[in-house]
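The structure under discussion appears below in the form of structure tokens.
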Amino acid sequence: MAEFIQYLINGLSQGGTYALIALGYTMVFGILQLINFAHGEVYMLGAFSGLYTSKLAGPQLSAFFNKIFNGAADQMSTPAAICTAIVIIMVAMVVCALVGFCVERLAYRPLRSSPRINLLITAVGVSLFFQYSGQIIFGSDPKAYPDLFENLESWTFGSDENLLVINPLQVFVFVTAIVLMLILRHIIFHTRLGRAMRAVSFNHDLASLMGIPTDRVIAATFMLGSALAGAAGVMVGMTYPKVEPLMGSLPGLKAFCAAVLGGIGNVTGAVLGSFILGLAEALLSGYGTPTYKDALAFAILIFILLIKPSGLLGVHRTEKV
Amino acid sequence: MFFNRTLATLLASAVIASPVFASTIKIGEVGSMSGSEATFGVSTHEGISLAIKEQNAKGGIKGKKIELISLDNQGKPEEAAIATTKLVTQDKVTAVLGEVASSRSLAMAPIAQQNKVPMISPSSTNPKVTEVGDYIFRVCFIDPFQGKVMAKFASDELKAKKVAILRDVKSDYSVGLSNFFTEAFKKSGGEIVVDQSYSSGEVDFNSQLTSIRAKKPDAIFVPGYYTEVGLIAKQARKLGIKVPLLGGDGWDSEKLYEIGGKSLNNSYFSNHYSQEDQSASVQNFIKSYKTAYKKTPDGLAAMGYDAAQVLFAAMDKTKSMSAGEIRDALAKTKDFQAVTGRITIDEKRNASKPAVVLEVKDGKFLYKSTVNP
């Protein structure tokens, strides 16, 4: 039983990172009907900006927070580590928001009126551009993430037969994913920007006739989605301390599958789909063959497209001809 | 058209024969200078370059300087094959050195064999590599031996009865080594309680480790490469697994500790040489390597150096330095005193030589024992 619960915990924390990436996919798709394949690379850039922030300013930051929390600058306490982590995540989110803005402004906006396939191919191009320039700039060997939570003990329940170990980082990832999703829901359903986003998503031309600055709304959507991917990148770097320029492609594709599973364009659906995928992967590796773990996401994608193409929570849209 | 082709063939054969008259000897190297296993390629390259520098300082081979053409394969087998083709057909190298990873050596070997260019792998341990053909050699031990070494260490030194395996299904090296370990460990009366797997490139191993934890092994055998092993060690300790982790020469990199940190304490792996070995050949090598690169050489650097040395010795014994002669001379290598021990090439073109077991402790690889074949 404890083993099963352990799988569930592992799956939920993995699902949390998928969720943060999937949110960006789903938002951009909701507004532009564009699958932004460069999104996985934004996640990678988030991980790297977190890496360099913690290398450059990490010691100073944690010394600063340690002073606030326990008076001594050299003792790492858990609240200080969490605050440092949050600052690093915020830096990465800002960097990624800027990257998202630039990508939209330079690569996608000039193609706004061209057929959708052009945009899709551009997205693939942008993705490859980031992968390979990342290899030139950062070097393609894996980098080790500095361990902020070195002294953080895991929570242990039961013993021996029924040992259950929860890594606080896993909980941190899970909680952050949920919190960010709730903030996003709030933005979409309760703010002016959100209303504008929904209007643009509903009908691009009509929205602009109503005086909504569609270009600015689309840029804001890209920035929001990219910021979330950046947060995911840092959290993955902290949990699995190995980052490399090609780390974004597979999680990016899997998060895309999760978004389709939940119903692409639907924020809650993206999170739901991601948690289902995370859990399914954890259970498959635990009880079945881990070799098929990567194939699982794509098997689910094919399955859902056959059974319910609009996804679990998606609404069927009639295609305008 | 036909005439053209004949002419081309004639020209080509003239070029192939030309190393005899050329002023330098071209040697090709293929390695993972970048990519996820970059330290493998970089270390090996530094070892080879050092050997060439020393040989050239001594006047080269038969009065000719050695020129190294090294190509990066980004850690991908398909790139390794492309690089080998380029070295063999365009650069017309006399011999090829490489690769570290068995999957990539296996991609290179058929090309070297087809074109009859001698190839020496410094440190690919999967037996299949030299089985490709009679032009393919290696200067390291092979996995049946390495698996036996670790199985013996687990049962004799650690007194382990139940061992779990976590293998990388994408790597020929890891799969082979796991199988040989299983065979040897069962023979010595041990039991493999669970055999789990992952694919290189993954970062989350919690589920595999949870299922391993439930079986309560006395040790876990993880014959992967350092990139994944560091993460596996970290996640295993976080999940409350305290038993020793065991592995092979794929662990040998300074990055292992950078990624895994203190979680790697109480882990052991088999390797080609130990820096603590006080013999003159090892200490001299460490000294000249440190002068050249300002760091301590890992096992793969030593293997790169040895591969180059063995090749030079064989070339020196030939008359015209033709591919066939070099091949024959390589096959006759006997009791060659290299950094990583005496190298004798057996009839299957493998080197039979001792292995060492190292313990990982606070970032250092401490010498535990030597096992002779």
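Each chain in the structure tokens gets a letter, A, B and so on, in the order shown; residues start at 1 in every chain, and ligands are counted from 1 in the order they appear.
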Counting only C-alpha atoms, what are the residues of chain B within 10 Å of chain A, and for each of them which pair of atoms is the nearest and at what distance in Å, to one decimal? Sort the table by chain and rising number, as a Markdown table.
```
| residue | atom | partner | partner_atom | distance |
| --- | --- | --- | --- | --- |
| B:Ser32 | CA | A:Asp141 | CA | 9.7 |
| B:Met33 | CA | A:Asp141 | CA | 8.7 |
| B:Ser34 | CA | A:Ser140 | CA | 5.4 |
| B:Gly35 | CA | A:Ser140 | CA | 4.8 |
| B:Ser36 | CA | A:Asp141 | CA | 4.8 |
| B:Glu37 | CA | A:Asp141 | CA | 6.6 |
| B:Ala38 | CA | A:Asp141 | CA | 5.4 |
| B:Thr39 | CA | A:Asp141 | CA | 7.8 |
| B:Gln74 | CA | A:Ser140 | CA | 8.1 |
| B:Gly75 | CA | A:Asp141 | CA | 9.8 |
| B:Asp168 | CA | A:Thr291 | CA | 9.1 |
| B:Val169 | CA | A:Thr291 | CA | 7.2 |
| B:Lys170 | CA | A:Thr291 | CA | 9.0 |
| B:Gln196 | CA | A:Pro290 | CA | 7.6 |
| B:Ser197 | CA | A:Pro290 | CA | 6.1 |
| B:Tyr198 | CA | A:Pro290 | CA | 6.0 |
| B:Ser199 | CA | A:Thr291 | CA | 6.6 |
| B:Gly201 | CA | A:Met247 | CA | 8.2 |
| B:Glu202 | CA | A:Asp294 | CA | 9.1 |
| B:Val203 | CA | A:Tyr240 | CA | 6.2 |
| B:Asp204 | CA | A:Tyr240 | CA | 7.2 |
| B:Phe205 | CA | A:Ser285 | CA | 8.7 |
| B:Asn206 | CA | A:Asn10 | CA | 6.5 |
| B:Ser207 | CA | A:Gly286 | CA | 5.0 |
| B:Gln208 | CA | A:Gly286 | CA | 5.6 |
| B:Leu209 | CA | A:Gly286 | CA | 8.4 |
| B:Thr210 | CA | A:Glu3 | CA | 6.8 |
| B:Ser211 | CA | A:Gly286 | CA | 5.8 |
| B:Ile212 | CA | A:Gly286 | CA | 9.1 |
| B:Arg213 | CA | A:Glu3 | CA | 8.9 |
| B:Ala214 | CA | A:Glu3 | CA | 7.2 |
| B:Lys215 | CA | A:Glu161 | CA | 9.7 |
| B:Lys216 | CA | A:Asp160 | CA | 9.1 |
| B:Thr227 | CA | A:Pro142 | CA | 7.4 |
| B:Glu228 | CA | A:Lys242 | CA | 8.8 |
| B:Gly230 | CA | A:Lys242 | CA | 8.9 |
| B:Leu231 | CA | A:Tyr240 | CA | 6.5 |
| B:Ile232 | CA | A:Tyr240 | CA | 9.4 |
| B:Lys234 | CA | A:Tyr240 | CA | 8.6 |
| B:Gln235 | CA | A:Tyr240 | CA | 8.4 |
| B:Arg237 | CA | A:Ser154 | CA | 9.6 |
| B:Lys238 | CA | A:Ser154 | CA | 6.4 |
| B:Leu239 | CA | A:Val165 | CA | 5.6 |
| B:Gly240 | CA | A:Val165 | CA | 6.9 |
| B:Lys255 | CA | A:Ala144 | CA | 7.8 |
| B:Leu256 | CA | A:Ala144 | CA | 9.4 |
| B:Tyr257 | CA | A:Ala144 | CA | 9.4 |
| B:Glu258 | CA | A:Ala144 | CA | 6.0 |
| B:Ile259 | CA | A:Ala144 | CA | 5.1 |
| B:Gly260 | CA | A:Pro241 | CA | 8.3 |
| B:Gly261 | CA | A:Asp147 | CA | 9.0 |
| B:Lys262 | CA | A:Glu150 | CA | 9.3 |
```
Run DSSP on the backbone and grab whatever in region 15-259 of chain A lands in alpha helix (DSSP H); send it over as a PDB file with C-alpha atoms, in the first residue's frame.
```pdb
ATOM      1  CA  GLY A  15       2.591  15.918 -13.187  1.00  0.00           C
ATOM      2  CA  GLY A  16       3.117  19.319 -11.559  1.00  0.00           C
ATOM      3  CA  THR A  17       6.018  20.142 -13.861  1.00  0.00           C
ATOM      4  CA  TYR A  18       4.102  18.915 -16.907  1.00  0.00           C
ATOM      5  CA  ALA A  19       1.197  21.100 -15.806  1.00  0.00           C
ATOM      6  CA  LEU A  20       3.278  24.267 -15.733  1.00  0.00           C
ATOM      7  CA  ILE A  21       4.506  23.620 -19.265  1.00  0.00           C
ATOM      8  CA  ALA A  22       1.111  22.479 -20.522  1.00  0.00           C
ATOM      9  CA  LEU A  23      -0.527  25.707 -19.297  1.00  0.00           C
ATOM     10  CA  GLY A  24       1.601  27.730 -21.705  1.00  0.00           C
ATOM     11  CA  TYR A  25       0.738  25.426 -24.616  1.00  0.00           C
ATOM     12  CA  THR A  26      -2.929  25.562 -23.877  1.00  0.00           C
ATOM     13  CA  MET A  27      -3.079  29.351 -23.475  1.00  0.00           C
ATOM     14  CA  VAL A  28      -1.318  30.041 -26.745  1.00  0.00           C
ATOM     15  CA  PHE A  29      -3.455  27.476 -28.520  1.00  0.00           C
ATOM     16  CA  GLY A  30      -6.604  28.925 -27.012  1.00  0.00           C
ATOM     17  CA  ILE A  31      -5.799  32.344 -28.426  1.00  0.00           C
ATOM     18  CA  LEU A  32      -4.009  31.682 -31.704  1.00  0.00           C
ATOM     19  CA  HIS A  39       7.582  26.257 -25.654  1.00  0.00           C
ATOM     20  CA  GLY A  40       9.751  23.359 -24.448  1.00  0.00           C
ATOM     21  CA  GLU A  41      12.807  25.471 -25.214  1.00  0.00           C
ATOM     22  CA  VAL A  42      11.452  28.370 -23.176  1.00  0.00           C
ATOM     23  CA  TYR A  43      11.278  25.882 -20.318  1.00  0.00           C
ATOM     24  CA  MET A  44      14.931  24.996 -20.952  1.00  0.00           C
ATOM     25  CA  LEU A  45      15.896  28.683 -20.962  1.00  0.00           C
ATOM     26  CA  GLY A  46      14.065  29.051 -17.652  1.00  0.00           C
ATOM     27  CA  ALA A  47      16.155  26.261 -16.180  1.00  0.00           C
ATOM     28  CA  PHE A  48      19.353  27.899 -17.399  1.00  0.00           C
ATOM     29  CA  SER A  49      18.449  31.390 -16.189  1.00  0.00           C
ATOM     30  CA  GLY A  50      17.708  29.821 -12.805  1.00  0.00           C
ATOM     31  CA  LEU A  51      21.060  28.036 -12.929  1.00  0.00           C
ATOM     32  CA  TYR A  52      23.027  31.196 -13.653  1.00  0.00           C
ATOM     33  CA  THR A  53      21.039  33.258 -11.152  1.00  0.00           C
ATOM     34  CA  SER A  54      21.772  30.776  -8.403  1.00  0.00           C
ATOM     35  CA  LYS A  55      25.425  30.563  -9.432  1.00  0.00           C
ATOM     36  CA  LEU A  56      25.876  34.334  -9.521  1.00  0.00           C
ATOM     37  CA  GLY A  58      22.630  32.326  -4.900  1.00  0.00           C
ATOM     38  CA  PRO A  59      25.092  32.565  -1.981  1.00  0.00           C
ATOM     39  CA  GLN A  60      24.343  36.265  -1.410  1.00  0.00           C
ATOM     40  CA  LEU A  61      20.606  35.644  -1.600  1.00  0.00           C
ATOM     41  CA  SER A  62      20.634  32.784   0.873  1.00  0.00           C
ATOM     42  CA  ALA A  63      22.950  34.718   3.221  1.00  0.00           C
ATOM     43  CA  PHE A  64      20.504  37.618   3.078  1.00  0.00           C
ATOM     44  CA  PHE A  65      17.480  35.463   3.855  1.00  0.00           C
ATOM     45  CA  ASN A  66      19.344  33.560   6.566  1.00  0.00           C
ATOM     46  CA  LYS A  67      20.066  36.832   8.313  1.00  0.00           C
ATOM     47  CA  ILE A  68      16.383  37.685   8.262  1.00  0.00           C
ATOM     48  CA  PHE A  69      15.208  34.292   9.490  1.00  0.00           C
ATOM     49  CA  ASN A  70      17.756  33.195  12.044  1.00  0.00           C
ATOM     50  CA  THR A  78      14.356  25.835   5.320  1.00  0.00           C
ATOM     51  CA  PRO A  79      12.392  29.104   5.107  1.00  0.00           C
ATOM     52  CA  ALA A  80      15.512  30.880   3.859  1.00  0.00           C
ATOM     53  CA  ALA A  81      16.038  28.193   1.220  1.00  0.00           C
ATOM     54  CA  ILE A  82      12.419  28.480   0.094  1.00  0.00           C
ATOM     55  CA  CYS A  83      12.662  32.280  -0.164  1.00  0.00           C
ATOM     56  CA  THR A  84      15.880  31.989  -2.180  1.00  0.00           C
ATOM     57  CA  ALA A  85      14.179  29.478  -4.450  1.00  0.00           C
ATOM     58  CA  ILE A  86      11.205  31.784  -4.957  1.00  0.00           C
ATOM     59  CA  VAL A  87      13.458  34.720  -5.899  1.00  0.00           C
ATOM     60  CA  ILE A  88      15.341  32.528  -8.378  1.00  0.00           C
ATOM     61  CA  ILE A  89      12.061  31.288  -9.836  1.00  0.00           C
ATOM     62  CA  MET A  90      10.836  34.861 -10.218  1.00  0.00           C
ATOM     63  CA  VAL A  91      14.005  35.920 -12.033  1.00  0.00           C
ATOM     64  CA  ALA A  92      13.617  32.983 -14.412  1.00  0.00           C
ATOM     65  CA  MET A  93       9.952  33.846 -14.953  1.00  0.00           C
ATOM     66  CA  VAL A  94      10.863  37.429 -15.903  1.00  0.00           C
ATOM     67  CA  VAL A  95      13.601  36.231 -18.276  1.00  0.00           C
ATOM     68  CA  CYS A  96      11.237  33.752 -19.909  1.00  0.00           C
ATOM     69  CA  ALA A  97       8.445  36.297 -20.194  1.00  0.00           C
ATOM     70  CA  LEU A  98      10.874  38.492 -22.129  1.00  0.00           C
ATOM     71  CA  VAL A  99      11.903  35.549 -24.300  1.00  0.00           C
ATOM     72  CA  GLY A 100       8.230  34.784 -24.947  1.00  0.00           C
ATOM     73  CA  PHE A 101       7.595  38.383 -25.860  1.00  0.00           C
ATOM     74  CA  CYS A 102      10.520  38.484 -28.290  1.00  0.00           C
ATOM     75  CA  VAL A 103       9.549  35.191 -29.924  1.00  0.00           C
ATOM     76  CA  ARG A 116      -1.546  28.537 -39.944  1.00  0.00           C
ATOM     77  CA  ILE A 117       0.865  25.975 -41.365  1.00  0.00           C
ATOM     78  CA  ASN A 118       3.489  28.729 -41.838  1.00  0.00           C
ATOM     79  CA  LEU A 119       3.216  29.588 -38.156  1.00  0.00           C
ATOM     80  CA  LEU A 120       3.563  25.939 -37.200  1.00  0.00           C
ATOM     81  CA  ILE A 121       6.724  25.504 -39.253  1.00  0.00           C
ATOM     82  CA  THR A 122       8.111  28.740 -37.805  1.00  0.00           C
ATOM     83  CA  ALA A 123       7.449  27.348 -34.335  1.00  0.00           C
ATOM     84  CA  VAL A 124       9.510  24.262 -35.144  1.00  0.00           C
ATOM     85  CA  GLY A 125      12.238  26.543 -36.495  1.00  0.00           C
ATOM     86  CA  VAL A 126      12.277  28.682 -33.357  1.00  0.00           C
ATOM     87  CA  SER A 127      12.484  25.523 -31.277  1.00  0.00           C
ATOM     88  CA  LEU A 128      15.527  24.242 -33.189  1.00  0.00           C
ATOM     89  CA  PHE A 129      17.082  27.709 -33.089  1.00  0.00           C
ATOM     90  CA  PHE A 130      16.970  27.719 -29.287  1.00  0.00           C
ATOM     91  CA  GLN A 131      18.171  24.125 -28.981  1.00  0.00           C
ATOM     92  CA  TYR A 132      21.259  24.687 -31.059  1.00  0.00           C
ATOM     93  CA  SER A 133      22.131  28.205 -29.952  1.00  0.00           C
ATOM     94  CA  GLY A 134      21.729  26.872 -26.412  1.00  0.00           C
ATOM     95  CA  GLN A 135      24.372  24.253 -27.197  1.00  0.00           C
ATOM     96  CA  ILE A 136      26.726  26.949 -28.477  1.00  0.00           C
ATOM     97  CA  ILE A 137      26.139  29.398 -25.631  1.00  0.00           C
ATOM     98  CA  PHE A 138      25.792  27.100 -22.619  1.00  0.00           C
ATOM     99  CA  PRO A 168       9.589  18.393   0.409  1.00  0.00           C
ATOM    100  CA  LEU A 169      10.674  19.558  -3.046  1.00  0.00           C
ATOM    101  CA  GLN A 170       8.053  17.300  -4.613  1.00  0.00           C
ATOM    102  CA  VAL A 171       5.400  18.964  -2.479  1.00  0.00           C
ATOM    103  CA  PHE A 172       6.822  22.375  -3.356  1.00  0.00           C
ATOM    104  CA  VAL A 173       6.527  21.634  -7.091  1.00  0.00           C
ATOM    105  CA  PHE A 174       2.998  20.298  -6.692  1.00  0.00           C
ATOM    106  CA  VAL A 175       1.794  23.261  -4.603  1.00  0.00           C
ATOM    107  CA  THR A 176       3.415  25.827  -6.891  1.00  0.00           C
ATOM    108  CA  ALA A 177       1.770  24.251  -9.917  1.00  0.00           C
ATOM    109  CA  ILE A 178      -1.659  24.431  -8.265  1.00  0.00           C
ATOM    110  CA  VAL A 179      -1.136  27.998  -7.009  1.00  0.00           C
ATOM    111  CA  LEU A 180       0.049  29.263 -10.387  1.00  0.00           C
ATOM    112  CA  MET A 181      -2.908  27.561 -12.082  1.00  0.00           C
ATOM    113  CA  LEU A 182      -5.324  29.278  -9.694  1.00  0.00           C
ATOM    114  CA  ILE A 183      -3.671  32.659 -10.325  1.00  0.00           C
ATOM    115  CA  LEU A 184      -3.963  32.025 -14.045  1.00  0.00           C
ATOM    116  CA  ARG A 185      -7.633  31.113 -13.737  1.00  0.00           C
ATOM    117  CA  HIS A 186      -8.186  34.292 -11.792  1.00  0.00           C
ATOM    118  CA  ILE A 187      -6.467  36.368 -14.492  1.00  0.00           C
ATOM    119  CA  ILE A 188      -8.480  34.744 -17.251  1.00  0.00           C
ATOM    120  CA  PHE A 189     -11.903  34.905 -15.628  1.00  0.00           C
ATOM    121  CA  HIS A 190     -11.768  37.923 -13.341  1.00  0.00           C
ATOM    122  CA  ARG A 192      -9.941  42.947 -17.897  1.00  0.00           C
ATOM    123  CA  LEU A 193      -6.938  41.329 -19.543  1.00  0.00           C
ATOM    124  CA  GLY A 194      -8.542  37.934 -19.093  1.00  0.00           C
ATOM    125  CA  ARG A 195     -11.802  39.091 -20.615  1.00  0.00           C
ATOM    126  CA  ALA A 196      -9.856  40.494 -23.557  1.00  0.00           C
ATOM    127  CA  MET A 197      -8.004  37.202 -23.911  1.00  0.00           C
ATOM    128  CA  ARG A 198     -11.245  35.278 -23.969  1.00  0.00           C
ATOM    129  CA  ALA A 199     -12.660  37.651 -26.529  1.00  0.00           C
ATOM    130  CA  VAL A 200      -9.612  37.306 -28.788  1.00  0.00           C
ATOM    131  CA  SER A 201      -9.770  33.563 -28.408  1.00  0.00           C
ATOM    132  CA  PHE A 202     -13.454  33.575 -29.355  1.00  0.00           C
ATOM    133  CA  HIS A 204      -9.892  37.475 -33.374  1.00  0.00           C
ATOM    134  CA  ASP A 205     -11.312  39.930 -35.940  1.00  0.00           C
ATOM    135  CA  LEU A 206     -14.468  40.723 -34.026  1.00  0.00           C
ATOM    136  CA  ALA A 207     -12.435  41.432 -30.891  1.00  0.00           C
ATOM    137  CA  SER A 208     -10.282  43.936 -32.700  1.00  0.00           C
ATOM    138  CA  LEU A 209     -13.421  45.613 -34.108  1.00  0.00           C
ATOM    139  CA  THR A 214      -5.428  42.132 -29.983  1.00  0.00           C
ATOM    140  CA  ASP A 215      -1.686  42.321 -30.587  1.00  0.00           C
ATOM    141  CA  ARG A 216      -1.055  43.425 -27.039  1.00  0.00           C
ATOM    142  CA  VAL A 217      -3.347  40.719 -25.651  1.00  0.00           C
ATOM    143  CA  ILE A 218      -1.568  38.039 -27.657  1.00  0.00           C
ATOM    144  CA  ALA A 219       1.821  39.309 -26.478  1.00  0.00           C
ATOM    145  CA  ALA A 220       0.589  39.208 -22.880  1.00  0.00           C
ATOM    146  CA  THR A 221      -0.592  35.620 -23.376  1.00  0.00           C
ATOM    147  CA  PHE A 222       2.821  34.575 -24.658  1.00  0.00           C
ATOM    148  CA  MET A 223       4.533  36.285 -21.740  1.00  0.00           C
ATOM    149  CA  LEU A 224       2.267  34.613 -19.172  1.00  0.00           C
ATOM    150  CA  GLY A 225       2.682  31.177 -20.695  1.00  0.00           C
ATOM    151  CA  SER A 226       6.448  31.546 -21.044  1.00  0.00           C
ATOM    152  CA  ALA A 227       6.797  32.748 -17.453  1.00  0.00           C
ATOM    153  CA  LEU A 228       5.056  29.569 -16.272  1.00  0.00           C
ATOM    154  CA  ALA A 229       7.378  27.430 -18.380  1.00  0.00           C
ATOM    155  CA  GLY A 230      10.319  29.296 -16.846  1.00  0.00           C
ATOM    156  CA  ALA A 231       9.065  28.481 -13.363  1.00  0.00           C
ATOM    157  CA  ALA A 232       8.771  24.828 -14.371  1.00  0.00           C
ATOM    158  CA  GLY A 233      12.345  24.871 -15.681  1.00  0.00           C
ATOM    159  CA  VAL A 234      13.766  26.121 -12.397  1.00  0.00           C
ATOM    160  CA  MET A 235      11.742  23.681 -10.332  1.00  0.00           C
ATOM    161  CA  VAL A 236      12.837  20.748 -12.471  1.00  0.00           C
ATOM    162  CA  GLY A 237      16.442  21.928 -12.173  1.00  0.00           C
ATOM    163  CA  MET A 238      16.110  22.000  -8.408  1.00  0.00           C
ATOM    164  CA  THR A 239      14.501  18.577  -8.162  1.00  0.00           C
ATOM    165  CA  SER A 249      12.119  18.822 -26.199  1.00  0.00           C
ATOM    166  CA  LEU A 250      10.743  15.668 -24.579  1.00  0.00           C
ATOM    167  CA  PRO A 251       8.987  17.292 -21.582  1.00  0.00           C
ATOM    168  CA  GLY A 252       7.641  19.865 -24.042  1.00  0.00           C
ATOM    169  CA  LEU A 253       6.110  17.184 -26.249  1.00  0.00           C
ATOM    170  CA  LYS A 254       4.753  15.301 -23.257  1.00  0.00           C
ATOM    171  CA  ALA A 255       3.188  18.450 -21.824  1.00  0.00           C
ATOM    172  CA  PHE A 256       1.618  19.024 -25.226  1.00  0.00           C
ATOM    173  CA  CYS A 257       0.097  15.534 -25.075  1.00  0.00           C
ATOM    174  CA  ALA A 258      -1.157  16.299 -21.576  1.00  0.00           C
ATOM    175  CA  ALA A 259      -2.746  19.525 -22.807  1.00  0.00           C
TER     176      ALA A 259
END
```
Just to confirm, what's the straight-line distance from CA of Val222 (chain B) to CA of Leu97 (chain B) in Å (one decimal)? 27.5 Å
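Between CA of Pro127 (chain B) and CA of Glu99 (chain B) lies a distance of 13.9 Å.
Neighbours of Pro110 (chain B) closer than or equal to 12 Å, with only C-alpha atoms counted and sequence neighbours fewer than 2 positions away skipped, come out as Ala80, Ala81, Ile82, Thr84, Thr85, Val88, Arg104, Ser105, Leu106, Ala107, Met108, Ala112, Gln113, Gln114, Asn115, Lys116, Val117, Pro118, Met119, Lys128, Val129, Thr130, Glu131, Val132, Gly133, Asp134, Tyr135 and Ile136 of chain B.
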Just write the chosen residues, C-alpha atoms, as a compact mmCIF listing (two decimals), in the first residue's frame.
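Contents of out_39.txt, freshly written:
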```txt
# COMPACT_ATOMS: atom_id res chain seq x y z
CA ALA B 80 29.90 8.88 -34.90
CA ALA B 81 29.26 6.90 -38.10
CA ILE B 82 29.29 10.06 -40.23
CA THR B 84 34.21 7.92 -39.20
CA THR B 85 33.18 7.92 -42.85
CA VAL B 88 38.29 7.28 -43.63
CA ARG B 104 28.98 4.61 -30.67
CA SER B 105 31.95 2.30 -31.25
CA LEU B 106 29.49 -0.19 -32.71
CA ALA B 107 28.33 2.47 -35.15
CA MET B 108 31.92 3.24 -36.19
CA ALA B 112 36.50 1.13 -40.35
CA GLN B 113 36.31 -2.61 -41.07
CA GLN B 114 34.83 -2.14 -44.57
CA ASN B 115 37.55 0.32 -45.51
CA LYS B 116 40.23 -1.76 -43.82
CA VAL B 117 41.41 1.00 -41.53
CA PRO B 118 42.64 -0.18 -38.13
CA MET B 119 40.44 1.15 -35.32
CA LYS B 128 30.35 -7.01 -29.60
CA VAL B 129 32.63 -4.09 -30.56
CA THR B 130 35.67 -6.11 -31.64
CA GLU B 131 33.50 -8.92 -33.01
CA VAL B 132 32.71 -6.62 -35.96
CA GLY B 133 35.92 -7.59 -37.71
CA ASP B 134 39.67 -8.16 -37.67
CA TYR B 135 40.57 -4.46 -37.97
CA ILE B 136 38.84 -3.52 -34.73
```
Atomic distance CA of Ala109 (chain B) - CA of Gly28 (chain B), expressed in Å with one decimal: 13.2 Å
From region 177-295 of chain B, collect each residue whose DSSP state is strand (DSSP E) and return the set as a list in words. Glu191, Ile192, Val193, Val194, Asp195, Gln196, Ser197, Tyr198, Ala219, Ile220, Phe221, Leu245, Leu246, Gly247, Ser267, Tyr268, Phe269, Ser270 and Asn271 of chain B
Would you save the residues from that selection as a JSON list (two decimals), in the first residue's frame, using N, CA and C atoms?
```
[["chain", "number", "residue", "atom", "x", "y", "z"],
["B", 191, "GLU", "N", 21.37, -13.68, -5.45],
["B", 191, "GLU", "CA", 20.05, -13.61, -6.06],
["B", 191, "GLU", "C", 19.80, -12.19, -6.58],
["B", 192, "ILE", "N", 19.27, -12.09, -7.81],
["B", 192, "ILE", "CA", 18.89, -10.78, -8.35],
["B", 192, "ILE", "C", 17.41, -10.61, -8.01],
["B", 193, "VAL", "N", 17.09, -9.69, -7.08],
["B", 193, "VAL", "CA", 15.70, -9.63, -6.62],
["B", 193, "VAL", "C", 14.81, -8.83, -7.56],
["B", 194, "VAL", "N", 15.37, -7.85, -8.25],
["B", 194, "VAL", "CA", 14.55, -7.10, -9.19],
["B", 194, "VAL", "C", 15.46, -6.50, -10.26],
["B", 195, "ASP", "N", 14.97, -6.46, -11.51],
["B", 195, "ASP", "CA", 15.75, -5.94, -12.62],
["B", 195, "ASP", "C", 14.95, -4.81, -13.26],
["B", 196, "GLN", "N", 15.27, -3.57, -12.88],
["B", 196, "GLN", "CA", 14.51, -2.41, -13.38],
["B", 196, "GLN", "C", 15.30, -1.71, -14.48],
["B", 197, "SER", "N", 14.64, -0.84, -15.23],
["B", 197, "SER", "CA", 15.35, -0.18, -16.32],
["B", 197, "SER", "C", 14.91, 1.27, -16.50],
["B", 198, "TYR", "N", 15.73, 2.03, -17.21],
["B", 198, "TYR", "CA", 15.40, 3.40, -17.58],
["B", 198, "TYR", "C", 16.02, 3.65, -18.95],
["B", 219, "ALA", "N", 22.36, -4.44, -2.13],
["B", 219, "ALA", "CA", 23.10, -3.48, -2.95],
["B", 219, "ALA", "C", 22.35, -3.30, -4.26],
["B", 220, "ILE", "N", 22.61, -2.18, -4.93],
["B", 220, "ILE", "CA", 21.96, -1.94, -6.23],
["B", 220, "ILE", "C", 23.05, -1.76, -7.28],
["B", 221, "PHE", "N", 22.95, -2.52, -8.37],
["B", 221, "PHE", "CA", 23.92, -2.42, -9.45],
["B", 221, "PHE", "C", 23.37, -1.47, -10.53],
["B", 245, "LEU", "N", 25.58, 1.52, -3.78],
["B", 245, "LEU", "CA", 25.32, 1.46, -5.22],
["B", 245, "LEU", "C", 26.60, 0.97, -5.89],
["B", 246, "LEU", "N", 26.46, 0.11, -6.91],
["B", 246, "LEU", "CA", 27.61, -0.43, -7.61],
["B", 246, "LEU", "C", 27.53, -0.07, -9.08],
["B", 247, "GLY", "N", 28.68, 0.08, -9.71],
["B", 247, "GLY", "CA", 28.64, 0.41, -11.13],
["B", 247, "GLY", "C", 29.92, 0.04, -11.85],
["B", 267, "SER", "N", 29.38, 4.10, -2.38],
["B", 267, "SER", "CA", 29.17, 3.51, -3.71],
["B", 267, "SER", "C", 30.51, 3.04, -4.25],
["B", 268, "TYR", "N", 30.46, 2.01, -5.07],
["B", 268, "TYR", "CA", 31.70, 1.42, -5.60],
["B", 268, "TYR", "C", 31.56, 1.18, -7.09],
["B", 269, "PHE", "N", 32.65, 1.38, -7.83],
["B", 269, "PHE", "CA", 32.60, 1.02, -9.25],
["B", 269, "PHE", "C", 33.94, 0.47, -9.73],
["B", 270, "SER", "N", 33.86, -0.33, -10.80],
["B", 270, "SER", "CA", 35.08, -0.90, -11.36],
["B", 270, "SER", "C", 35.64, 0.08, -12.39],
["B", 271, "ASN", "N", 36.95, 0.16, -12.45],
["B", 271, "ASN", "CA", 37.55, 1.11, -13.39],
["B", 271, "ASN", "C", 38.86, 0.56, -13.95]]
```
